[in-house]
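Engineer: Following this line is start15.pdb, made up of PDB, C-alpha atoms:
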ATOM      1  CA  MET B 125       0.000   0.000   0.000
ATOM      2  CA  GLY B 126       2.813   2.405   0.906
ATOM      3  CA  GLY B 127       4.614   1.791  -2.367
ATOM      4  CA  ALA B 128       1.398   2.296  -4.345
ATOM      5  CA  ALA B 129       0.715   5.567  -2.530
ATOM      6  CA  ALA B 130       4.216   6.796  -3.301
ATOM      7  CA  LEU B 131       3.715   5.918  -6.964
ATOM      8  CA  GLU B 132       0.473   7.885  -7.004
ATOM      9  CA  LYS B 133       2.299  10.915  -5.646
ATOM     10  CA  LEU B 134       4.830  10.610  -8.477
ATOM     11  CA  VAL B 135       2.245  10.551 -11.272
ATOM     12  CA  PRO B 136       2.616  14.335 -11.928
ATOM     13  CA  VAL B 137       6.377  13.846 -12.220
ATOM     14  CA  LEU B 138       5.927  11.120 -14.813
ATOM     15  CA  LEU B 139       3.343  13.211 -16.675
ATOM     16  CA  ALA B 140       5.584  16.281 -16.998
ATOM     17  CA  PHE B 141       8.613  14.211 -17.991
ATOM     18  CA  GLY B 142       6.653  11.971 -20.373
ATOM     19  CA  GLY B 143       5.048  14.973 -22.055
ATOM     20  CA  GLY B 144       8.482  16.334 -22.891
ATOM     21  CA  VAL B 145       9.627  12.986 -24.296
ATOM     22  CA  LEU B 146       6.468  12.564 -26.396
ATOM     23  CA  LEU B 147       6.517  16.076 -27.851
ATOM     24  CA  ALA B 148      10.219  15.809 -28.701
ATOM     25  CA  ARG B 149       9.756  12.398 -30.335
ATOM     26  CA  ARG B 150       6.866  13.749 -32.420
ATOM     27  CA  LYS B 151       8.956  16.871 -33.164
ATOM     28  CA  THR B 152       6.039  19.020 -32.008
ATOM     29  CA  VAL B 153       8.499  20.881 -29.789
ATOM     30  CA  PRO B 154      12.163  20.827 -30.870
ATOM     31  CA  ALA B 155      14.502  19.075 -28.440
ATOM     32  CA  GLU B 156      16.826  22.084 -28.644
ATOM     33  CA  ALA B 157      14.201  24.114 -26.769
ATOM     34  CA  SER B 158      15.069  22.188 -23.602
ATOM     35  CA  LYS B 159      17.914  24.665 -22.999
ATOM     36  CA  ALA B 160      15.477  27.590 -22.780
ATOM     37  CA  PHE B 161      13.193  25.700 -20.403
ATOM     38  CA  SER B 162      16.065  24.640 -18.138
ATOM     39  CA  ASP B 163      17.440  28.215 -18.055
ATOM     40  CA  TYR B 164      14.020  29.456 -16.955
ATOM     41  CA  ALA B 165      13.965  26.899 -14.141
ATOM     42  CA  PHE B 166      17.569  27.551 -13.031
ATOM     43  CA  LEU B 167      17.550  31.344 -13.220
ATOM     44  CA  PHE B 168      14.009  32.172 -12.163
ATOM     45  CA  ALA B 169      11.536  29.494 -11.076
ATOM     46  CA  VAL B 170      13.713  27.544  -8.620
ATOM     47  CA  PRO B 171      15.005  30.744  -6.905
ATOM     48  CA  CYS B 172      11.398  31.933  -6.474
ATOM     49  CA  TYR B 173      10.442  28.561  -4.978
ATOM     50  CA  LEU B 174      13.351  28.595  -2.536
ATOM     51  CA  PHE B 175      12.938  32.206  -1.440
ATOM     52  CA  GLY B 176       9.246  31.903  -0.612
ATOM     53  CA  ASN B 177       9.544  28.626   1.258
ATOM     54  CA  ILE B 178      12.652  29.598   3.238
ATOM     55  CA  TYR B 179      11.229  32.973   4.207
ATOM     56  CA  ALA B 180       7.985  31.426   5.496
ATOM     57  CA  ALA B 181       9.609  28.539   7.376
ATOM     58  CA  ASP B 182      10.157  28.279  11.142
ATOM     59  CA  LEU B 183      13.923  27.830  10.934
ATOM     60  CA  GLY B 184      14.422  27.310  14.652
ATOM     61  CA  ALA B 185      12.003  24.388  14.788
ATOM     62  CA  LEU B 186      13.496  22.623  11.787
ATOM     63  CA  PHE B 187      17.101  22.101  12.865
ATOM     64  CA  ASP B 188      18.477  19.218  14.889
ATOM     65  CA  TRP B 189      22.115  20.238  14.791
ATOM     66  CA  ARG B 190      23.478  16.796  15.673
ATOM     67  CA  ALA B 191      21.487  15.233  12.844
ATOM     68  CA  ILE B 192      22.384  17.908  10.310
ATOM     69  CA  GLY B 193      26.038  17.774  11.382
ATOM     70  CA  GLY B 194      26.064  14.014  10.842
ATOM     71  CA  TYR B 195      24.519  14.360   7.410
ATOM     72  CA  ALA B 196      26.994  17.108   6.471
ATOM     73  CA  ALA B 197      29.918  14.910   7.558
ATOM     74  CA  ALA B 198      28.589  11.991   5.515
ATOM     75  CA  ALA B 199      28.128  14.280   2.504
ATOM     76  CA  ALA B 200      31.712  15.578   2.866
ATOM     77  CA  LEU B 201      33.052  12.027   2.861
ATOM     78  CA  ALA B 202      30.893  11.210  -0.155
ATOM     79  CA  VAL B 203      32.194  14.274  -2.020
ATOM     80  CA  LEU B 204      35.756  13.155  -1.319
ATOM     81  CA  ALA B 205      35.013   9.605  -2.484
ATOM     82  CA  VAL B 206      33.435  10.744  -5.758
ATOM     83  CA  ALA B 207      36.221  13.248  -6.457
ATOM     84  CA  LEU B 208      38.913  10.628  -5.810
ATOM     85  CA  GLY B 209      37.037   8.141  -7.989
ATOM     86  CA  ALA B 210      36.856  10.669 -10.809
ATOM     87  CA  ALA B 211      40.577  11.419 -10.470
ATOM     88  CA  ALA B 212      41.365   7.694 -10.553
ATOM     89  CA  CYS B 213      39.482   7.489 -13.859
ATOM     90  CA  GLY B 214      41.523  10.373 -15.281
ATOM     91  CA  ILE B 215      38.808  13.029 -14.864
ATOM     92  CA  ARG B 216      40.371  16.222 -13.512
ATOM     93  CA  GLU B 217      38.618  19.065 -15.349
ATOM     94  CA  PRO B 218      36.838  21.091 -12.605
ATOM     95  CA  ARG B 219      33.408  21.173 -14.266
ATOM     96  CA  ALA B 220      33.474  17.450 -14.976
ATOM     97  CA  VAL B 221      34.431  16.627 -11.383
ATOM     98  CA  ALA B 222      31.782  18.998 -10.001
ATOM     99  CA  LEU B 223      29.111  17.388 -12.174
ATOM    100  CA  ARG B 224      29.973  13.916 -10.877
ATOM    101  CA  VAL B 225      30.065  15.128  -7.274
ATOM    102  CA  MET B 226      26.578  16.548  -7.708
ATOM    103  CA  ALA B 227      25.366  13.321  -9.324
ATOM    104  CA  GLY B 228      26.665  11.162  -6.491
ATOM    105  CA  VAL B 229      25.950  13.344  -3.438
ATOM    106  CA  GLN B 230      23.100  15.793  -4.027
ATOM    107  CA  VAL B 231      19.577  14.424  -3.646
ATOM    108  CA  ASN B 232      16.222  15.191  -5.204
ATOM    109  CA  THR B 233      14.580  16.806  -2.197
ATOM    110  CA  ALA B 234      11.846  19.079  -3.498
ATOM    111  CA  TYR B 235      10.482  16.952  -6.317
ATOM    112  CA  PHE B 236      10.966  13.368  -5.103
ATOM    113  CA  ALA B 237      11.528  13.283  -1.356
ATOM    114  CA  VAL B 238       8.639  15.624  -0.516
ATOM    115  CA  PRO B 239       5.832  13.359  -1.789
ATOM    116  CA  VAL B 240       7.511  10.314  -0.243
ATOM    117  CA  PHE B 241       7.823  11.968   3.183
ATOM    118  CA  ILE B 242       4.302  13.346   3.126
ATOM    119  CA  THR B 243       2.994   9.902   2.228
ATOM    120  CA  PHE B 244       4.863   7.977   4.918
ATOM    121  CA  PHE B 245       5.475  10.534   7.689
ATOM    122  CA  GLY B 246       2.703  13.057   7.138
ATOM    123  CA  THR B 247       5.200  15.935   6.858
ATOM    124  CA  ALA B 248       8.082  17.051   4.665
ATOM    125  CA  ALA B 249       9.631  19.329   7.325
ATOM    126  CA  PRO B 250      12.703  17.083   8.000
ATOM    127  CA  ILE B 251      13.750  17.567   4.377
ATOM    128  CA  PHE B 252      14.073  21.322   4.644
ATOM    129  CA  PRO B 253      17.377  21.557   6.594
ATOM    130  CA  VAL B 254      18.996  19.220   4.065
ATOM    131  CA  LEU B 255      17.611  21.354   1.239
ATOM    132  CA  LEU B 256      19.202  24.433   2.831
ATOM    133  CA  PHE B 257      22.501  22.583   3.285
ATOM    134  CA  GLN B 258      22.468  21.526  -0.369
ATOM    135  CA  VAL B 259      21.723  24.994  -1.708
ATOM    136  CA  CYS B 260      23.943  26.991   0.655
ATOM    137  CA  VAL B 261      26.918  24.607   0.791
ATOM    138  CA  LEU B 262      26.948  21.813  -1.790
ATOM    139  CA  SER B 263      25.468  23.854  -4.641
ATOM    140  CA  LEU B 264      27.825  26.716  -3.811
ATOM    141  CA  VAL B 265      30.829  24.391  -4.121
ATOM    142  CA  VAL B 266      29.521  22.900  -7.378
ATOM    143  CA  ILE B 267      28.757  26.289  -8.920
ATOM    144  CA  ALA B 268      32.169  27.637  -7.901
ATOM    145  CA  LEU B 269      33.892  24.678  -9.583
ATOM    146  CA  MET B 270      31.713  25.095 -12.667
ATOM    147  CA  GLU B 271      32.541  28.792 -12.899
ATOM    148  CA  LEU B 272      36.222  28.109 -12.193
ATOM    149  CA  GLY B 273      36.336  25.635 -15.053
ATOM    150  CA  ARG B 274      34.623  28.103 -17.359
ATOM    151  CA  ALA B 275      36.819  31.050 -16.376
ATOM    152  CA  GLY B 276      39.231  32.483 -18.891
ATOM    153  CA  ALA B 277      42.472  34.315 -18.406
ATOM    154  CA  GLY B 278      44.117  35.139 -15.103
ATOM    155  CA  GLY B 279      46.083  33.415 -12.398
ATOM    156  CA  PRO B 280      44.693  30.764 -10.042
ATOM    157  CA  GLY B 281      43.850  33.340  -7.359
ATOM    158  CA  THR B 282      42.023  35.599  -9.800
ATOM    159  CA  ARG B 283      40.130  32.727 -11.341
ATOM    160  CA  LEU B 284      39.139  31.329  -7.936
ATOM    161  CA  SER B 285      37.916  34.693  -6.631
ATOM    162  CA  ARG B 286      35.998  35.267  -9.852
ATOM    163  CA  ALA B 287      34.465  31.802  -9.598
ATOM    164  CA  LEU B 288      33.423  32.310  -5.961
ATOM    165  CA  ALA B 289      31.967  35.728  -6.737
ATOM    166  CA  ALA B 290      30.020  34.298  -9.669
ATOM    167  CA  SER B 291      28.689  31.434  -7.550
ATOM    168  CA  LEU B 292      27.573  33.800  -4.767
ATOM    169  CA  ALA B 293      25.824  35.976  -7.364
ATOM    170  CA  THR B 294      23.881  33.045  -8.820
ATOM    171  CA  PRO B 295      20.091  33.549  -8.471
ATOM    172  CA  LEU B 296      19.818  30.159  -6.730
ATOM    173  CA  VAL B 297      22.225  31.152  -3.936
ATOM    174  CA  LEU B 298      20.998  34.748  -3.714
ATOM    175  CA  ALA B 299      17.399  33.615  -3.261
ATOM    176  CA  CYS B 300      18.329  31.150  -0.520
ATOM    177  CA  ASN B 301      20.458  33.652   1.394
ATOM    178  CA  ALA B 302      17.843  36.379   1.025
ATOM    179  CA  GLY B 303      15.148  34.083   2.386
ATOM    180  CA  ILE B 304      17.275  33.135   5.412
ATOM    181  CA  LEU B 305      18.301  36.735   6.147
ATOM    182  CA  LEU B 306      14.803  38.218   5.884
ATOM    183  CA  ASN B 307      13.424  35.332   7.937
ATOM    184  CA  LEU B 308      15.957  35.796  10.742
ATOM    185  CA  LEU B 309      15.513  39.578  10.777
ATOM    186  CA  SER B 310      11.699  39.243  10.696
ATOM    187  CA  VAL B 311      11.524  41.670   7.777
ATOM    188  CA  HIS B 312       7.999  41.984   6.435
ATOM    189  CA  VAL B 313       7.670  40.965   2.797
ATOM    190  CA  PRO B 314       4.347  41.972   1.198
ATOM    191  CA  GLN B 315       2.037  39.002   0.739
ATOM    192  CA  VAL B 316       1.507  39.896  -2.900
ATOM    193  CA  LEU B 317       5.232  39.327  -3.536
ATOM    194  CA  LEU B 318       5.192  36.017  -1.689
ATOM    195  CA  ASP B 319       2.142  34.939  -3.687
ATOM    196  CA  GLY B 320       3.933  35.903  -6.888
ATOM    197  CA  ALA B 321       7.038  33.950  -5.887
ATOM    198  CA  ALA B 322       4.867  30.937  -5.041
ATOM    199  CA  PHE B 323       3.074  31.175  -8.388
ATOM    200  CA  VAL B 324       6.362  31.193 -10.321
ATOM    201  CA  GLY B 325       8.023  28.681  -7.988
ATOM    202  CA  ASP B 326       5.262  26.141  -8.510
ATOM    203  CA  SER B 327       6.334  25.940 -12.157
ATOM    204  CA  ALA B 328       9.927  24.950 -11.302
ATOM    205  CA  SER B 329       9.345  21.214 -11.000
ATOM    206  CA  PRO B 330       7.186  20.631 -14.103
ATOM    207  CA  VAL B 331       9.319  22.907 -16.285
ATOM    208  CA  ALA B 332      12.579  21.220 -15.215
ATOM    209  CA  LEU B 333      11.051  17.787 -15.797
ATOM    210  CA  PHE B 334       9.622  18.874 -19.145
ATOM    211  CA  ALA B 335      13.062  20.161 -20.195
ATOM    212  CA  LEU B 336      14.611  16.838 -19.203
ATOM    213  CA  GLY B 337      11.956  14.966 -21.188
ATOM    214  CA  LEU B 338      12.545  17.135 -24.238
ATOM    215  CA  HIS B 339      16.278  16.481 -24.129
ATOM    216  CA  LEU B 340      15.921  12.735 -23.709
ATOM    217  CA  GLY B 341      13.160  12.569 -26.299
ATOM    218  CA  GLY B 342      15.583  14.038 -28.791
ATOM    219  CA  ALA B 343      18.695  12.154 -27.679
ATOM    220  CA  GLY B 344      17.098   8.833 -26.719
ATOM    221  CA  LEU B 345      17.747   6.739 -23.619
ATOM    222  CA  GLY B 346      18.113   3.010 -23.192
ATOM    223  CA  VAL B 347      19.051   0.701 -20.330
ATOM    224  CA  ARG B 348      21.376  -1.270 -22.579
ATOM    225  CA  GLY B 349      23.315   1.886 -23.301
ATOM    226  CA  THR B 350      24.164   2.477 -19.645
ATOM    227  CA  THR B 351      27.893   3.064 -19.292
ATOM    228  CA  ARG B 352      30.039   1.795 -16.432
ATOM    229  CA  GLU B 353      30.421   5.342 -15.166
ATOM    230  CA  GLU B 354      26.648   5.881 -15.108
ATOM    231  CA  ALA B 355      26.136   2.571 -13.308
ATOM    232  CA  ALA B 356      28.825   3.458 -10.746
ATOM    233  CA  LEU B 357      27.326   6.888 -10.047
ATOM    234  CA  ILE B 358      23.822   5.439  -9.689
ATOM    235  CA  ALA B 359      25.035   2.670  -7.381
ATOM    236  CA  PHE B 360      26.919   5.168  -5.242
ATOM    237  CA  LYS B 361      23.948   7.526  -5.055
ATOM    238  CA  CYS B 362      21.237   4.932  -4.364
ATOM    239  CA  LEU B 363      23.178   2.439  -2.203
ATOM    240  CA  ALA B 364      26.577   3.642  -0.967
ATOM    241  CA  PHE B 365      25.577   7.162   0.086
ATOM    242  CA  PRO B 366      22.565   6.164   2.244
ATOM    243  CA  LEU B 367      24.650   3.423   3.895
ATOM    244  CA  LEU B 368      27.423   5.965   4.527
ATOM    245  CA  ALA B 369      24.886   8.414   5.985
ATOM    246  CA  TRP B 370      23.582   5.664   8.273
ATOM    247  CA  ALA B 371      27.079   4.710   9.476
ATOM    248  CA  VAL B 372      28.258   8.299  10.082
ATOM    249  CA  CYS B 373      25.053   9.649  11.628
ATOM    250  CA  ALA B 374      24.455   6.664  13.914
ATOM    251  CA  GLY B 375      28.035   5.572  14.607
ATOM    252  CA  LEU B 376      29.851   8.906  14.911
ATOM    253  CA  PHE B 377      27.137  11.413  15.819
ATOM    254  CA  GLY B 378      24.827   9.197  17.844
ATOM    255  CA  VAL B 379      21.699  10.084  15.887
ATOM    256  CA  ARG B 380      18.822   7.806  16.825
ATOM    257  CA  GLY B 381      15.095   7.491  16.355
ATOM    258  CA  PRO B 382      13.109   9.315  13.671
ATOM    259  CA  TRP B 383      15.934  11.601  12.583
ATOM    260  CA  LEU B 384      18.147   8.665  11.660
ATOM    261  CA  ALA B 385      15.343   7.265   9.500
ATOM    262  CA  TYR B 386      14.778  10.670   7.915
ATOM    263  CA  LEU B 387      18.438  11.179   7.005
ATOM    264  CA  VAL B 388      18.938   7.698   5.559
ATOM    265  CA  LEU B 389      15.808   8.042   3.416
ATOM    266  CA  ILE B 390      16.850  11.507   2.238
ATOM    267  CA  ALA B 391      20.282  10.181   1.240
ATOM    268  CA  ALA B 392      18.558   7.356  -0.659
ATOM    269  CA  MET B 393      16.638   9.800  -2.847
ATOM    270  CA  PRO B 394      17.736  10.028  -6.495
ATOM    271  CA  THR B 395      19.960  12.554  -8.208
ATOM    272  CA  PRO B 396      18.078  15.869  -8.633
ATOM    273  CA  GLN B 397      16.848  17.335 -11.918
ATOM    274  CA  ASN B 398      19.100  20.304 -11.147
ATOM    275  CA  LEU B 399      22.033  18.159 -12.288
ATOM    276  CA  PHE B 400      20.640  18.272 -15.818
ATOM    277  CA  ILE B 401      19.952  22.012 -15.500
ATOM    278  CA  PHE B 402      23.535  22.659 -14.314
ATOM    279  CA  ALA B 403      24.902  20.474 -17.128
ATOM    280  CA  GLN B 404      23.035  22.454 -19.767
ATOM    281  CA  ARG B 405      23.835  25.742 -18.101
ATOM    282  CA  TYR B 406      27.595  25.064 -18.108
ATOM    283  CA  ASP B 407      27.675  22.856 -21.222
ATOM    284  CA  ILE B 408      29.268  19.794 -19.621
ATOM    285  CA  GLY B 409      28.112  16.156 -19.546
ATOM    286  CA  VAL B 410      24.535  16.847 -20.657
ATOM    287  CA  ASP B 411      23.823  13.285 -21.836
ATOM    288  CA  LEU B 412      25.461  11.764 -18.738
ATOM    289  CA  SER B 413      23.461  13.971 -16.408
ATOM    290  CA  ALA B 414      20.151  13.297 -18.147
ATOM    291  CA  SER B 415      20.727   9.548 -18.020
ATOM    292  CA  VAL B 416      21.775   9.533 -14.341
ATOM    293  CA  VAL B 417      18.786  11.659 -13.289
ATOM    294  CA  VAL B 418      16.223   9.359 -14.920
ATOM    295  CA  LYS B 419      17.869   6.039 -14.090
ATOM    296  CA  SER B 420      18.636   6.933 -10.476
ATOM    297  CA  SER B 421      14.977   7.942 -10.079
ATOM    298  CA  VAL B 422      13.873   4.519 -11.289
ATOM    299  CA  VAL B 423      16.373   2.692  -9.054
ATOM    300  CA  SER B 424      15.436   4.794  -6.017
ATOM    301  CA  LEU B 425      11.768   4.081  -6.548
ATOM    302  CA  LEU B 426      12.430   0.339  -6.786
ATOM    303  CA  LEU B 427      14.562   0.404  -3.612
ATOM    304  CA  LEU B 428      12.130   2.600  -1.668
ATOM    305  CA  PRO B 429      10.193  -0.274  -0.020
ATOM    306  CA  LEU B 430      13.476  -1.846   1.108
ATOM    307  CA  TRP B 431      14.763   1.368   2.688
ATOM    308  CA  LEU B 432      11.421   2.051   4.375
ATOM    309  CA  GLN B 433      11.377  -1.409   5.876
ATOM    310  CA  THR B 434      15.009  -1.125   6.970
ATOM    311  CA  VAL B 435      14.756   2.261   8.709
ATOM    312  CA  ALA B 436      11.486   1.266  10.380
ATOM    313  CA  ALA B 437      13.067  -1.831  11.951
TER     314      ALA B 437
END
Would you mind writing the file's structure down as structure tokens?

Structural biologist:
Amino acid sequence: MGGAAALEKLVPVLLAFGGGVLLARRKTVPAEASKAFSDYAFLFAVPCYLFGNIYAADLGALFDWRAIGGYAAAAALAVLAVALGAAACGIREPRAVALRVMAGVQVNTAYFAVPVFITFFGTAAPIFPVLLFQVCVLSLVVIALMELGRAGAGGPGTRLSRALAASLATPLVLACNAGILLNLLSVHVPQVLLDGAAFVGDSASPVALFALGLHLGGAGLGVRGTTREEAALIAFKCLAFPLLAWAVCAGLFGVRGPWLAYLVLIAAMPTPQNLFIFAQRYDIGVDLSASVVVKSSVVSLLLLPLWLQTVAA
């Protein structure tokens, strides 16, 4: 019953993604248009979604610092493991490494974990601190590496400072920091602006999924074509990372009870659609990112009953 309910919650996801695939296959909408849709999501819709939700949240009630510290430590170890794995395979270009780090460590919180948590726990609140950590820390690191790899002339110090400045000026990071700051300072934001941000933000998920469907509808995707690298990233994301989160949070930070279950399930969520958006935005590994996003979503869904049974034991 739980698995069926989770599938029902994911029907809109499949509809938005499938619509993009179908329209691209029929050439009703050109697959090249996926870039415009993903830019809209990255530069406008997702920042609006994050700002409105962060500003309205009760930040003090959402944070268990031991739990979040454990998850952050597990994520740091996972980042190191993916980066070392990429280096061992001869991948050293900053954007390529950053893309693989995001594929193996970041999780689909807003568009996959939320319906799962609401279905099984009745609330999605435990997801929010991890979402903040991803946007304010992990995404900042990824964007900085992406910008560093794209930077032109100048010495290492100049390029690094330019990359960090560019990452801090990204709409995604600006929206998150603005929401936190205005929330903490209790600054009144007119309701009409919050309603507008919510209206635009609600389009982030379907537009990102539609863009992904358009790209894959034009490029094609098959299980038989899965590369060893894709399989390794998916296995790390869907199996190794949640097990690492369990070991670090429980063994090193002493997290117990519901929070341990929350963190393991969050780590078991698939790679986010933002990976595909970042790939298109910075023109690196677009086909790899699209494949990992879709296939990790399928694997995570298949493993969901197992993880639910395990964390409930």

Engineer: So, counting all atoms listed in the file, which residue among B:Leu296, B:Val137, B:Ala391, B:Ala356 is closest to B:Cys373?

Structural biologist: B:Ala391

Engineer: Just to confirm, what's the straight-line distance from atom CA of B:Leu269 to atom CA of B:Phe166 in Å (one decimal)?

Structural biologist: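 For atom CA of B:Leu269 relative to atom CA of B:Phe166, the distance reads 16.9 Å.
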
Engineer: With only C-alpha atoms as the counted atoms, please give the residues lying no more than 10 Å from B:Val410, apart from itself and same-chain residues fewer than 4 positions off, as a list of chain:residue names.

Structural biologist: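 Counting only C-alpha atoms, the residues come to B:Leu223, B:His339, B:Leu399, B:Phe400, B:Ile401, B:Phe402, B:Ala403, B:Gln404, B:Arg405, B:Tyr406, B:Ala414, B:Ser415.
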
Engineer: Which residue, B:Ala197, B:Val145, B:Leu340, B:Ala364, has the smallest gap to B:Leu412 when you use all atoms listed in the file?

Structural biologist: B:Leu340

Engineer: Suppose you want the space between atom CA of B:Leu262 and atom CA of B:Pro330; what is it in Å?

Structural biologist: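 Taking atom CA of B:Leu262 and atom CA of B:Pro330, their separation equals 23.3 Å.
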
Engineer: Measuring atom to atom with only C-alpha atoms, identify which of B:Ala140, B:Ala322, B:Ile408, B:Leu387 is nearest to B:Val221.

Structural biologist: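 Comparing B:Ala140, B:Ala322, B:Ile408, B:Leu387 against B:Val221, the winner is B:Ile408.
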
Engineer: So what do you get for atom CA of B:Phe175 versus atom CA of B:Leu318, distance-wise?

Structural biologist: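 That distance, rounded to one decimal, is 8.6 Å.
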
Engineer: Rank B:Leu201, B:Ala157, B:Ala181, B:Asp411 by their smallest atom-to-atom distance to B:Ser310, using all atoms listed in the file, and report the top residue only.

Structural biologist: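 Using all atoms listed in the file, the shortest distance to B:Ser310 belongs to B:Ala181.
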
Engineer: Excluding B:Gly375 and any residue of its chain fewer than 3 positions from it, enumerate the residues within 12 Å of it, using all atoms listed in the file, and give them as a PDB file with C-alpha atoms, keeping the file's coordinate frame.

Structural biologist:
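part_19.pdb, freshly written:
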ATOM      1  CA  ALA B 191      21.487  15.233  12.844  1.00  0.00           C
ATOM      2  CA  GLY B 194      26.064  14.014  10.842  1.00  0.00           C
ATOM      3  CA  TYR B 195      24.519  14.360   7.410  1.00  0.00           C
ATOM      4  CA  ALA B 197      29.918  14.910   7.558  1.00  0.00           C
ATOM      5  CA  ALA B 198      28.589  11.991   5.515  1.00  0.00           C
ATOM      6  CA  LEU B 367      24.650   3.423   3.895  1.00  0.00           C
ATOM      7  CA  LEU B 368      27.423   5.965   4.527  1.00  0.00           C
ATOM      8  CA  ALA B 369      24.886   8.414   5.985  1.00  0.00           C
ATOM      9  CA  TRP B 370      23.582   5.664   8.273  1.00  0.00           C
ATOM     10  CA  ALA B 371      27.079   4.710   9.476  1.00  0.00           C
ATOM     11  CA  VAL B 372      28.258   8.299  10.082  1.00  0.00           C
ATOM     12  CA  GLY B 378      24.827   9.197  17.844  1.00  0.00           C
ATOM     13  CA  VAL B 379      21.699  10.084  15.887  1.00  0.00           C
ATOM     14  CA  ARG B 380      18.822   7.806  16.825  1.00  0.00           C
ATOM     15  CA  LEU B 384      18.147   8.665  11.660  1.00  0.00           C
TER      16      LEU B 384
END

Engineer: I need the residue nearest B:Phe257 from this list: B:Leu317, B:Leu208, B:Leu306, B:Ala196. Use all atoms listed in the file for the distance.

Structural biologist: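 Closest candidate: B:Ala196.
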